[in-house]
file my_file.cif (mmCIF, C-alpha atoms)
data_my_file
#
loop_
_atom_site.group_PDB
_atom_site.id
_atom_site.type_symbol
_atom_site.label_atom_id
_atom_site.label_comp_id
_atom_site.auth_asym_id
_atom_site.auth_seq_id
_atom_site.Cartn_x
_atom_site.Cartn_y
_atom_site.Cartn_z
ATOM 1 C CA MET A 1 168.343 149.588 171.367
ATOM 2 C CA THR A 2 168.369 153.357 171.221
ATOM 3 C CA SER A 3 166.250 156.491 171.303
ATOM 4 C CA VAL A 4 164.924 157.899 168.014
ATOM 5 C CA ALA A 5 162.783 160.938 167.319
ATOM 6 C CA VAL A 6 161.641 162.173 163.909
ATOM 7 C CA LEU A 7 160.214 165.669 163.652
ATOM 8 C CA GLN A 8 159.088 168.157 161.073
ATOM 9 C CA SER A 9 159.764 171.850 161.532
ATOM 10 C CA SER A 10 157.758 174.615 159.885
ATOM 11 C CA ASP A 11 157.946 178.370 159.553
ATOM 12 C CA SER A 12 155.345 180.949 158.561
ATOM 13 C CA ARG A 13 155.464 179.686 154.968
ATOM 14 C CA GLY A 14 154.946 176.003 155.730
ATOM 15 C CA PRO A 15 157.082 172.871 156.244
ATOM 16 C CA ALA A 16 160.785 173.743 156.327
ATOM 17 C CA GLY A 17 162.631 170.577 157.315
ATOM 18 C CA LEU A 18 162.523 166.972 158.447
ATOM 19 C CA TYR A 19 164.975 165.890 161.151
ATOM 20 C CA ILE A 20 165.972 162.581 162.726
ATOM 21 C CA ILE A 21 167.576 162.632 166.187
ATOM 22 C CA THR A 22 169.155 159.663 167.956
ATOM 23 C CA ASP A 23 171.457 159.043 170.889
ATOM 24 C CA SER A 24 174.983 157.653 170.396
ATOM 25 C CA ARG A 25 175.068 154.566 172.611
ATOM 26 C CA ILE A 26 175.750 151.048 171.360
ATOM 27 C CA SER A 27 175.014 148.665 174.231
ATOM 28 C CA TRP A 28 175.389 144.997 175.019
ATOM 29 C CA GLY A 29 173.274 143.615 177.846
ATOM 30 C CA THR A 30 174.912 141.207 180.292
ATOM 31 C CA LYS A 31 174.018 139.692 183.638
ATOM 32 C CA SER A 32 176.357 142.127 185.352
ATOM 33 C CA GLY A 33 174.881 145.173 183.600
ATOM 34 C CA VAL A 34 175.019 146.990 180.278
ATOM 35 C CA ARG A 35 178.255 147.255 178.355
ATOM 36 C CA LYS A 36 178.279 150.381 176.265
ATOM 37 C CA TRP A 37 180.029 152.533 173.688
ATOM 38 C CA ASP A 38 178.790 156.125 173.635
ATOM 39 C CA ALA A 39 180.233 157.203 170.293
ATOM 40 C CA GLY A 40 178.406 154.972 167.823
ATOM 41 C CA GLN A 41 177.001 156.389 164.586
ATOM 42 C CA LYS A 42 173.246 155.898 164.328
ATOM 43 C CA THR A 43 172.306 158.556 161.776
ATOM 44 C CA PHE A 44 173.264 158.709 158.105
ATOM 45 C CA CYS A 45 172.636 160.993 155.162
ATOM 46 C CA SER A 46 173.138 161.088 151.432
ATOM 47 C CA TYR A 47 175.218 164.039 150.263
ATOM 48 C CA ASP A 48 173.873 163.592 146.735
ATOM 49 C CA SER A 49 170.111 163.257 147.291
ATOM 50 C CA PRO A 50 167.544 164.407 149.890
ATOM 51 C CA ASP A 51 167.655 161.207 151.954
ATOM 52 C CA VAL A 52 168.460 160.635 155.642
ATOM 53 C CA PHE A 53 168.439 157.495 157.789
ATOM 54 C CA ALA A 54 168.583 156.253 161.367
ATOM 55 C CA TYR A 55 168.051 152.941 163.097
ATOM 56 C CA CYS A 56 167.185 151.340 166.410
ATOM 57 C CA GLY A 57 167.385 147.761 167.630
ATOM 58 C CA ASP A 58 170.167 145.431 166.522
ATOM 59 C CA ALA A 59 173.302 147.530 166.031
ATOM 60 C CA PHE A 60 175.314 145.240 163.746
ATOM 61 C CA PHE A 61 173.439 145.015 160.452
ATOM 62 C CA PRO A 62 171.683 148.411 160.055
ATOM 63 C CA PRO A 63 174.764 150.692 159.938
ATOM 64 C CA ALA A 64 176.544 148.280 157.611
ATOM 65 C CA ILE A 65 173.546 148.040 155.257
ATOM 66 C CA ILE A 66 172.852 151.789 155.205
ATOM 67 C CA ARG A 67 176.497 152.694 154.620
ATOM 68 C CA GLN A 68 176.810 150.069 151.880
ATOM 69 C CA ALA A 69 173.642 151.254 150.123
ATOM 70 C CA LEU A 70 174.727 154.900 150.263
ATOM 71 C CA ASP A 71 178.095 154.035 148.739
ATOM 72 C CA ILE A 72 176.431 152.142 145.908
ATOM 73 C CA ALA A 73 173.752 154.762 145.209
ATOM 74 C CA VAL A 74 175.859 156.855 142.855
ATOM 75 C CA PRO A 75 173.798 159.593 141.137
ATOM 76 C CA GLY A 76 173.328 158.849 137.483
ATOM 77 C CA CYS A 77 173.626 155.090 137.969
ATOM 78 C CA PHE A 78 170.371 154.380 139.792
ATOM 79 C CA TRP A 79 168.493 157.682 139.524
ATOM 80 C CA GLY A 80 168.653 161.228 138.289
ATOM 81 C CA PRO A 81 167.436 164.655 139.444
ATOM 82 C CA GLU A 82 163.810 163.825 138.628
ATOM 83 C CA THR A 83 163.702 160.451 140.395
ATOM 84 C CA THR A 84 160.981 160.359 143.063
ATOM 85 C CA SER A 85 161.524 159.542 146.713
ATOM 86 C CA ASP A 86 159.432 156.378 146.241
ATOM 87 C CA VAL A 87 161.921 155.070 143.677
ATOM 88 C CA ARG A 88 164.889 155.905 145.910
ATOM 89 C CA HIS A 89 163.192 154.259 148.883
ATOM 90 C CA LYS A 90 162.563 151.089 146.882
ATOM 91 C CA PHE A 91 166.281 150.957 146.105
ATOM 92 C CA PHE A 92 167.119 151.118 149.827
ATOM 93 C CA THR A 93 164.498 148.570 150.894
ATOM 94 C CA ASN A 94 165.748 146.195 148.195
ATOM 95 C CA ALA A 95 169.241 146.668 149.641
ATOM 96 C CA ILE A 96 167.941 145.681 153.098
ATOM 97 C CA ARG A 97 166.154 142.605 151.771
ATOM 98 C CA SER A 98 169.159 141.521 149.719
ATOM 99 C CA ALA A 99 171.556 141.978 152.620
ATOM 100 C CA MET A 100 169.437 140.036 155.096
ATOM 101 C CA LYS A 101 168.894 137.174 152.654
ATOM 102 C CA ALA A 102 172.669 136.758 152.677
ATOM 103 C CA ALA A 103 172.710 136.408 156.485
ATOM 104 C CA SER A 104 173.112 132.776 157.506
ATOM 105 C CA ASP A 105 173.037 131.520 161.084
ATOM 106 C CA SER A 106 173.714 135.063 162.280
ATOM 107 C CA PRO A 107 172.981 136.502 165.728
ATOM 108 C CA ALA A 108 170.961 139.374 164.236
ATOM 109 C CA GLY A 109 168.039 140.627 166.245
ATOM 110 C CA ARG A 110 165.086 142.823 165.372
ATOM 111 C CA PHE A 111 165.869 146.267 163.987
ATOM 112 C CA THR A 112 164.070 149.281 162.547
ATOM 113 C CA ILE A 113 165.416 151.656 159.905
ATOM 114 C CA PHE A 114 163.856 155.078 159.340
ATOM 115 C CA HIS A 115 164.222 156.722 155.944
ATOM 116 C CA GLY A 116 163.325 160.395 155.580
ATOM 117 C CA SER A 117 163.144 161.880 152.105
ATOM 118 C CA ARG A 118 161.763 164.730 150.013
ATOM 119 C CA ASP A 119 160.025 165.179 146.681
ATOM 120 C CA GLY A 120 160.589 168.438 144.839
ATOM 121 C CA GLU A 121 162.306 171.588 146.050
ATOM 122 C CA GLY A 122 161.271 174.920 147.483
ATOM 123 C CA MET A 123 157.843 175.813 148.804
ATOM 124 C CA ASN A 124 156.083 173.022 146.923
ATOM 125 C CA CYS A 125 158.283 170.228 148.258
ATOM 126 C CA LYS A 126 156.893 167.356 150.307
ATOM 127 C CA PHE A 127 158.687 165.503 153.090
ATOM 128 C CA LYS A 128 158.172 161.764 153.522
ATOM 129 C CA LEU A 129 159.124 159.069 156.020
ATOM 130 C CA TRP A 130 159.253 155.290 155.946
ATOM 131 C CA LYS A 131 159.699 152.815 158.774
ATOM 132 C CA THR A 132 161.247 149.484 157.757
ATOM 133 C CA VAL A 133 161.333 146.656 160.317
ATOM 134 C CA PHE A 134 163.282 143.403 160.085
ATOM 135 C CA SER A 135 162.793 140.422 162.393
ATOM 136 C CA MET A 136 165.232 137.508 162.268
ATOM 137 C CA SER A 137 162.623 135.170 163.747
ATOM 138 C CA ASP A 138 160.652 135.136 160.486
ATOM 139 C CA LYS A 139 163.277 136.856 158.273
ATOM 140 C CA LYS A 140 160.673 139.310 156.998
ATOM 141 C CA VAL A 141 161.166 142.935 156.031
ATOM 142 C CA VAL A 142 158.008 144.943 156.746
ATOM 143 C CA ASP A 143 157.964 148.387 155.145
ATOM 144 C CA ASN A 144 155.432 151.106 155.999
ATOM 145 C CA THR A 145 154.906 154.741 155.095
ATOM 146 C CA VAL A 146 154.563 156.965 158.160
ATOM 147 C CA ASN A 147 151.757 159.456 157.637
ATOM 148 C CA PHE A 148 151.947 162.834 159.364
ATOM 149 C CA ASP A 149 150.695 166.409 159.195
ATOM 150 C CA ASP A 150 152.587 167.821 156.248
ATOM 151 C CA GLN A 151 151.815 171.475 156.967
ATOM 152 C CA SER A 152 152.905 172.275 160.520
ATOM 153 C CA SER A 153 155.652 171.535 163.013
ATOM 154 C CA CYS A 154 154.960 168.134 164.466
ATOM 155 C CA ILE A 155 156.393 165.084 166.147
ATOM 156 C CA VAL A 156 156.358 162.487 163.395
ATOM 157 C CA GLU A 157 157.658 159.411 165.254
ATOM 158 C CA VAL A 158 159.322 158.408 168.520
ATOM 159 C CA ASP A 159 160.812 154.920 168.806
ATOM 160 C CA GLY A 160 163.442 152.787 170.485
ATOM 161 C CA SER A 161 163.981 151.650 174.060
ATOM 162 C CA GLY A 162 163.947 155.259 175.276
ATOM 163 C CA GLN A 163 160.657 156.287 173.654
ATOM 164 C CA THR A 164 158.583 156.077 176.853
ATOM 165 C CA HIS A 165 160.948 158.432 178.663
ATOM 166 C CA ILE A 166 160.910 160.918 175.779
ATOM 167 C CA LYS A 167 157.117 160.873 175.642
ATOM 168 C CA ASN A 168 156.914 161.382 179.414
ATOM 169 C CA ALA A 169 159.271 164.350 179.155
ATOM 170 C CA GLN A 170 157.073 165.825 176.421
ATOM 171 C CA LYS A 171 154.142 166.014 178.832
ATOM 172 C CA LYS A 172 155.923 168.898 180.552
ATOM 173 C CA TRP A 173 155.178 171.091 177.542
ATOM 174 C CA GLN A 174 151.464 170.329 177.313
ATOM 175 C CA GLY A 175 149.442 173.498 177.568
ATOM 176 C CA THR A 176 152.377 175.735 176.561
ATOM 177 C CA ASP A 177 153.103 177.365 173.219
ATOM 178 C CA ALA A 178 155.835 174.757 172.735
ATOM 179 C CA GLU A 179 153.440 171.794 172.811
ATOM 180 C CA GLY A 180 153.835 169.562 169.764
ATOM 181 C CA THR A 181 156.698 171.595 168.304
ATOM 182 C CA SER A 182 159.972 170.298 166.922
ATOM 183 C CA ARG A 183 161.960 172.243 169.517
ATOM 184 C CA SER A 184 160.056 170.686 172.449
ATOM 185 C CA THR A 185 160.860 167.241 171.045
ATOM 186 C CA MET A 186 164.554 168.148 171.092
ATOM 187 C CA TRP A 187 164.217 169.416 174.672
ATOM 188 C CA SER A 188 162.474 166.213 175.749
ATOM 189 C CA PHE A 189 165.007 164.053 173.953
ATOM 190 C CA CYS A 190 167.948 165.797 175.626
ATOM 191 C CA GLU A 191 166.274 165.724 179.049
ATOM 192 C CA SER A 192 165.779 161.970 178.760
ATOM 193 C CA LEU A 193 169.455 161.485 177.847
ATOM 194 C CA ARG A 194 170.721 163.715 180.654
ATOM 195 C CA ASN A 195 168.555 161.977 183.235
ATOM 196 C CA LYS A 196 169.916 158.590 182.077
ATOM 197 C CA GLN A 197 166.431 157.139 182.231
ATOM 198 C CA ASP A 198 167.071 154.457 179.618
ATOM 199 C CA PRO A 199 170.263 152.413 180.193
ATOM 200 C CA GLN A 200 170.380 151.537 176.491
ATOM 201 C CA SER A 201 170.426 155.196 175.405
ATOM 202 C CA GLY A 202 173.306 157.542 176.099
ATOM 203 C CA GLY A 203 176.104 159.700 174.781
ATOM 204 C CA ALA A 204 175.318 162.870 172.862
ATOM 205 C CA PRO A 205 172.421 163.451 170.474
ATOM 206 C CA GLN A 206 173.166 163.253 166.754
ATOM 207 C CA ILE A 207 171.072 164.836 164.040
ATOM 208 C CA VAL A 208 170.536 164.538 160.298
ATOM 209 C CA GLY A 209 167.934 166.374 158.281
ATOM 210 C CA ILE A 210 166.505 167.606 155.021
ATOM 211 C CA TRP A 211 165.554 171.176 154.192
ATOM 212 C CA ARG A 212 163.406 172.522 151.363
ATOM 213 C CA LYS A 213 166.429 172.442 149.081
ATOM 214 C CA PHE A 214 169.739 170.614 148.851
ATOM 215 C CA PRO A 215 170.694 166.996 149.661
ATOM 216 C CA GLY A 216 170.656 165.450 153.139
ATOM 217 C CA LYS A 217 172.511 167.313 155.882
ATOM 218 C CA ARG A 218 174.675 166.154 158.772
ATOM 219 C CA PHE A 219 174.490 168.488 161.780
ATOM 220 C CA GLY A 220 176.895 168.933 164.649
ATOM 221 C CA VAL A 221 175.643 169.188 168.242
ATOM 222 C CA ILE A 222 177.032 171.349 171.043
ATOM 223 C CA TRP A 223 176.753 169.012 174.049
ATOM 224 C CA ASP A 224 178.317 169.768 177.447
ATOM 225 C CA ASN A 225 180.672 172.207 175.703
ATOM 226 C CA ASP A 226 181.886 169.470 173.336
ATOM 227 C CA ARG A 227 181.447 169.438 169.560
ATOM 228 C CA ILE A 228 179.797 166.167 168.525
ATOM 229 C CA VAL A 229 179.306 164.958 164.945
ATOM 230 C CA ALA A 230 177.721 161.549 164.224
ATOM 231 C CA GLY A 231 178.387 160.566 167.844
ATOM 232 C CA ALA A 232 182.099 161.410 167.697
ATOM 233 C CA LYS A 233 183.757 164.216 169.646
ATOM 234 C CA LEU A 234 185.793 166.600 167.496
ATOM 235 C CA GLU A 235 189.148 167.063 169.184
ATOM 236 C CA SER A 236 190.385 169.776 166.842
ATOM 237 C CA SER A 237 189.030 173.295 166.415
ATOM 238 C CA GLU A 238 189.850 173.197 162.719
ATOM 239 C CA ASN A 239 187.120 173.262 160.055
ATOM 240 C CA LEU A 240 184.277 173.612 162.574
ATOM 241 C CA LYS A 241 182.535 175.970 160.176
ATOM 242 C CA ASN A 242 182.216 173.147 157.668
ATOM 243 C CA PHE A 243 179.335 171.785 159.768
ATOM 244 C CA LEU A 244 176.003 173.327 160.732
ATOM 245 C CA TRP A 245 175.487 173.247 164.493
ATOM 246 C CA PHE A 246 172.619 172.970 166.966
ATOM 247 C CA ASN A 247 172.572 173.212 170.756
ATOM 248 C CA ASP A 248 170.248 171.259 173.052
ATOM 249 C CA LEU A 249 167.588 173.969 172.698
ATOM 250 C CA PHE A 250 167.518 173.209 168.957
ATOM 251 C CA GLU A 251 168.987 176.621 168.178
ATOM 252 C CA ARG A 252 171.471 177.123 165.326
ATOM 253 C CA CYS A 253 174.917 177.809 166.788
ATOM 254 C CA ASP A 254 178.435 178.888 165.924
ATOM 255 C CA GLY A 255 180.629 175.790 165.999
ATOM 256 C CA GLU A 256 183.640 177.704 167.295
ATOM 257 C CA THR A 257 182.024 179.673 170.124
ATOM 258 C CA GLY A 258 179.146 177.333 170.883
ATOM 259 C CA LYS A 259 176.833 180.360 171.063
ATOM 260 C CA LYS A 260 173.587 180.887 169.181
ATOM 261 C CA LEU A 261 174.063 182.511 165.792
ATOM 262 C CA PRO A 262 172.825 186.137 165.801
ATOM 263 C CA GLU A 263 170.385 185.462 162.961
ATOM 264 C CA ALA A 264 169.106 182.155 164.379
ATOM 265 C CA ALA A 265 165.677 181.844 165.989
ATOM 266 C CA ARG A 266 165.641 181.734 169.789
ATOM 267 C CA HIS A 267 163.976 178.744 171.423
ATOM 268 C CA PRO A 268 163.572 179.673 175.098
ATOM 269 C CA GLN A 269 161.723 177.138 177.192
ATOM 270 C CA PRO A 270 158.450 178.389 178.709
ATOM 271 C CA ASN A 271 158.991 179.767 182.202
ATOM 272 C CA LYS A 272 156.042 177.918 183.690
ATOM 273 C CA ALA A 273 155.741 174.498 182.125
ATOM 274 C CA PRO A 274 153.134 172.284 183.808
ATOM 275 C CA ALA A 275 154.527 169.784 186.326
#
call {"tool": "encode", "arguments": {"input": "my_file.cif", "output": "structure tokens"}}
result
Amino acid sequence: MTSVAVLQSSDSRGPAGLYIITDSRISWGTKSGVRKWDAGQKTFCSYDSPDVFAYCGDAFFPPAIIRQALDIAVPGCFWGPETTSDVRHKFFTNAIRSAMKAASDSPAGRFTIFHGSRDGEGMNCKFKLWKTVFSMSDKKVVDNTVNFDDQSSCIVEVDGSGQTHIKNAQKKWQGTDAEGTSRSTMWSFCESLRNKQDPQSGGAPQIVGIWRKFPGKRFGVIWDNDRIVAGAKLESSENLKNFLWFNDLFERCDGETGKKLPEAARHPQPNKAPA
């Protein structure tokens, strides 16, 4: 499984971005414990359209299907600049259905794919989210739109084997000015990972997102002084500025120094969060 959180951030002008956060652990349960790989990619984005993805559950089919669909979805072939998010989402759900129909006598389990998208650009844009679930037991793909407050910062969805621990961590911020905010979701997510509360969630957080303009974005994460992108640790200090970076407070950072950017908003945790 995994831990997944989807959140919308807003500023004084309205909704500013939609983000999907996951952990980086791929795990295999055995009688002797959980076998794991803490550098697996669980988030994906289109660099040509405002679309981002993540999954939880079975770890074999979802990354293969998402990556395949993104490679096929060449702009100009399936859609243009005016194509709506609904049309793009239909393309991706059709890709899931087609791929799973081709699976024969496979060990696939249940999985969920989240698709975040955007219609329009600028202040009048609208962020959207879909949750697509596949179960091998009945070989059905169930697709649902996730409705959420489209005007303020909010927690849109929490899912995966670690969701209970994330939700419990969020209770710490009830009654503070951080309650229900995107930054408190990031804090809760990171706290759950650090406390190792869910054996099927681990490694560093990874983040993709959509802003008011531009295609999907892949973000780097400063985690225990390491630079992590899509679950992988960057060993070289070269080209760090080619990525946008967050720390575990959900503050924008300099990839080289690991410090908050001077112009970035500060996200200090409340001094007296309820127990």
call {"tool": "closest_residue", "arguments": {"input": "my_file.cif", "among": "A:Phe134, A:Phe111, A:Phe91, A:Phe127", "to": "A:Gly160", "atoms": "all atoms listed in the file"}}
result
A:Phe111
call {"tool": "resolve_selection", "arguments": {"input": "my_file.cif", "expression": "the PyMOL selection byres ((chain A and resi 155) around 9)", "output": "PDB file with C-alpha atoms, keeping the file's coordinate frame"}}
result
ATOM      1  CA  ALA A   5     162.783 160.938 167.319  1.00  0.00           C
ATOM      2  CA  VAL A   6     161.641 162.173 163.909  1.00  0.00           C
ATOM      3  CA  LEU A   7     160.214 165.669 163.652  1.00  0.00           C
ATOM      4  CA  GLN A   8     159.088 168.157 161.073  1.00  0.00           C
ATOM      5  CA  SER A   9     159.764 171.850 161.532  1.00  0.00           C
ATOM      6  CA  PHE A 148     151.947 162.834 159.364  1.00  0.00           C
ATOM      7  CA  SER A 153     155.652 171.535 163.013  1.00  0.00           C
ATOM      8  CA  CYS A 154     154.960 168.134 164.466  1.00  0.00           C
ATOM      9  CA  VAL A 156     156.358 162.487 163.395  1.00  0.00           C
ATOM     10  CA  GLU A 157     157.658 159.411 165.254  1.00  0.00           C
ATOM     11  CA  VAL A 158     159.322 158.408 168.520  1.00  0.00           C
ATOM     12  CA  GLY A 180     153.835 169.562 169.764  1.00  0.00           C
ATOM     13  CA  THR A 181     156.698 171.595 168.304  1.00  0.00           C
ATOM     14  CA  SER A 182     159.972 170.298 166.922  1.00  0.00           C
ATOM     15  CA  THR A 185     160.860 167.241 171.045  1.00  0.00           C
TER      16      THR A 185
END
call {"tool": "resolve_selection", "arguments": {"input": "my_file.cif", "expression": "the PyMOL selection byres ((chain A and resi 133) around 8)", "output": "ChimeraX atom specification"}}
result
/A:110-113,131-132,134-135,141-143
call {"tool": "residues_around", "arguments": {"input": "my_file.cif", "residues": "A:Gly122", "least_positions_apart": "4", "cutoff": "9 Å", "atoms": "only C-alpha atoms", "output": "PyMOL selection string"}}
result
chain A and resi 16+211-213
call {"tool": "residues_around", "arguments": {"input": "my_file.cif", "residues": "A:Thr83", "least_positions_apart": "6", "cutoff": "10 Å", "atoms": "all atoms listed in the file", "output": "list in words"}}
result
Ser49, Asp119 and Gly120 of chain A
call {"tool": "write_last_selection", "arguments": {"input": "my_file.cif", "atoms": "C-alpha atoms", "output": "mmCIF file, in the frame of the given file"}}
result
data_model
loop_
_atom_site.group_PDB
_atom_site.id
_atom_site.type_symbol
_atom_site.label_atom_id
_atom_site.label_comp_id
_atom_site.auth_asym_id
_atom_site.auth_seq_id
_atom_site.Cartn_x
_atom_site.Cartn_y
_atom_site.Cartn_z
ATOM 1 C CA SER A 49 170.111 163.257 147.291
ATOM 2 C CA ASP A 119 160.025 165.179 146.681
ATOM 3 C CA GLY A 120 160.589 168.438 144.839
#
call {"tool": "atom_distance", "arguments": {"input": "my_file.cif", "atom1": "atom CA of A:Val221", "atom2": "atom CA of A:Phe246"}}
result
5.0 Å
call {"tool": "resolve_selection", "arguments": {"input": "my_file.cif", "expression": "the PyMOL selection byres ((chain A and resi 247) around 9)", "output": "NGL selection string"}}
result
:A and (220-223 or 245-246 or 248-253 or 258-260)
call {"tool": "write_last_selection", "arguments": {"input": "my_file.cif", "atoms": "C-alpha atoms", "output": "mmCIF file, keeping the file's coordinate frame"}}
result
data_model
loop_
_atom_site.group_PDB
_atom_site.id
_atom_site.type_symbol
_atom_site.label_atom_id
_atom_site.label_comp_id
_atom_site.auth_asym_id
_atom_site.auth_seq_id
_atom_site.Cartn_x
_atom_site.Cartn_y
_atom_site.Cartn_z
ATOM 1 C CA GLY A 220 176.895 168.933 164.649
ATOM 2 C CA VAL A 221 175.643 169.188 168.242
ATOM 3 C CA ILE A 222 177.032 171.349 171.043
ATOM 4 C CA TRP A 223 176.753 169.012 174.049
ATOM 5 C CA TRP A 245 175.487 173.247 164.493
ATOM 6 C CA PHE A 246 172.619 172.970 166.966
ATOM 7 C CA ASP A 248 170.248 171.259 173.052
ATOM 8 C CA LEU A 249 167.588 173.969 172.698
ATOM 9 C CA PHE A 250 167.518 173.209 168.957
ATOM 10 C CA GLU A 251 168.987 176.621 168.178
ATOM 11 C CA ARG A 252 171.471 177.123 165.326
ATOM 12 C CA CYS A 253 174.917 177.809 166.788
ATOM 13 C CA GLY A 258 179.146 177.333 170.883
ATOM 14 C CA LYS A 259 176.833 180.360 171.063
ATOM 15 C CA LYS A 260 173.587 180.887 169.181
#
call {"tool": "residues_around", "arguments": {"input": "my_file.cif", "residues": "A:His165", "least_positions_apart": "2", "cutoff": "9 Å", "atoms": "all atoms listed in the file", "output": "ChimeraX atom specification"}}
result
/A:161-163,167-170,188-189,192,197-198
call {"tool": "residues_around", "arguments": {"input": "my_file.cif", "residues": "A:Thr145", "least_positions_apart": "4", "cutoff": "8 Å", "atoms": "only C-alpha atoms", "output": "ChimeraX atom specification"}}
result
/A:128-131
call {"tool": "atom_distance", "arguments": {"input": "my_file.cif", "atom1": "atom CA of A:Ser201", "atom2": "atom CA of A:Ser27"}}
result
8.1 Å
call {"tool": "residues_around", "arguments": {"input": "my_file.cif", "residues": "stretch 228-236 of chain A", "least_positions_apart": "5", "cutoff": "9 Å", "atoms": "all atoms listed in the file", "output": "PyMOL selection string"}}
result
chain A and resi 23-25+38-44+203-208+218-223+243
call {"tool": "write_last_selection", "arguments": {"input": "my_file.cif", "atoms": "C-alpha atoms", "output": "tab-separated table (two decimals), in the frame of the given file"}}
result
chain	number	residue	atom	x	y	z
A	23	ASP	CA	171.46	159.04	170.89
A	24	SER	CA	174.98	157.65	170.40
A	25	ARG	CA	175.07	154.57	172.61
A	38	ASP	CA	178.79	156.12	173.64
A	39	ALA	CA	180.23	157.20	170.29
A	40	GLY	CA	178.41	154.97	167.82
A	41	GLN	CA	177.00	156.39	164.59
A	42	LYS	CA	173.25	155.90	164.33
A	43	THR	CA	172.31	158.56	161.78
A	44	PHE	CA	173.26	158.71	158.10
A	203	GLY	CA	176.10	159.70	174.78
A	204	ALA	CA	175.32	162.87	172.86
A	205	PRO	CA	172.42	163.45	170.47
A	206	GLN	CA	173.17	163.25	166.75
A	207	ILE	CA	171.07	164.84	164.04
A	208	VAL	CA	170.54	164.54	160.30
A	218	ARG	CA	174.68	166.15	158.77
A	219	PHE	CA	174.49	168.49	161.78
A	220	GLY	CA	176.90	168.93	164.65
A	221	VAL	CA	175.64	169.19	168.24
A	222	ILE	CA	177.03	171.35	171.04
A	223	TRP	CA	176.75	169.01	174.05
A	243	PHE	CA	179.34	171.78	159.77
call {"tool": "atom_distance", "arguments": {"input": "my_file.cif", "atom1": "atom CA of A:Ser46", "atom2": "atom CA of A:Leu193"}}
result
26.7 Å
call {"tool": "closest_atom_pairs", "arguments": {"input": "my_file.cif", "of": "stretch 209-244 of chain A", "to": "stretch 51-70 of chain A", "cutoff": "10 Å", "atoms": "only C-alpha atoms", "output": "Markdown table"}}
result
| residue | atom | partner | partner_atom | distance |
| --- | --- | --- | --- | --- |
| A:Gly209 | CA | A:Val52 | CA | 6.3 |
| A:Ile210 | CA | A:Asp51 | CA | 7.2 |
| A:Pro215 | CA | A:Asp51 | CA | 6.9 |
| A:Gly216 | CA | A:Asp51 | CA | 5.3 |
| A:Lys217 | CA | A:Val52 | CA | 7.8 |
| A:Arg218 | CA | A:Val52 | CA | 8.9 |
call {"tool": "closest_residue", "arguments": {"input": "my_file.cif", "among": "A:Ser85, A:Gln174, A:Asn239, A:Ser184", "to": "A:His267", "atoms": "only C-alpha atoms"}}
result
A:Ser184
call {"tool": "closest_residue", "arguments": {"input": "my_file.cif", "among": "A:Gly116, A:Lys241, A:Ile20, A:Glu256", "to": "A:Asn225", "atoms": "all atoms listed in the file"}}
result
A:Glu256
call {"tool": "closest_residue", "arguments": {"input": "my_file.cif", "among": "A:Arg183, A:Lys196, A:Lys36, A:His89", "to": "A:Arg266", "atoms": "only C-alpha atoms"}}
result
A:Arg183
call {"tool": "closest_residue", "arguments": {"input": "my_file.cif", "among": "A:Ala108, A:Ala264, A:Gly255, A:Met1", "to": "A:Gly29", "atoms": "all atoms listed in the file"}}
result
A:Met1
call {"tool": "closest_residue", "arguments": {"input": "my_file.cif", "among": "A:Leu18, A:Gln200, A:Phe214, A:Thr176", "to": "A:Asp48", "atoms": "all atoms listed in the file"}}
result
A:Phe214
call {"tool": "axis_aligned_box", "arguments": {"input": "my_file.cif", "around": "stretch 98-112 of chain A", "padding_each_side": "6 Å", "output": "lines of an AutoDock Vina configuration file"}}
result
center_x = 168.9
center_y = 140.4
center_z = 158.0
size_x = 21.6
size_y = 29.8
size_z = 28.5
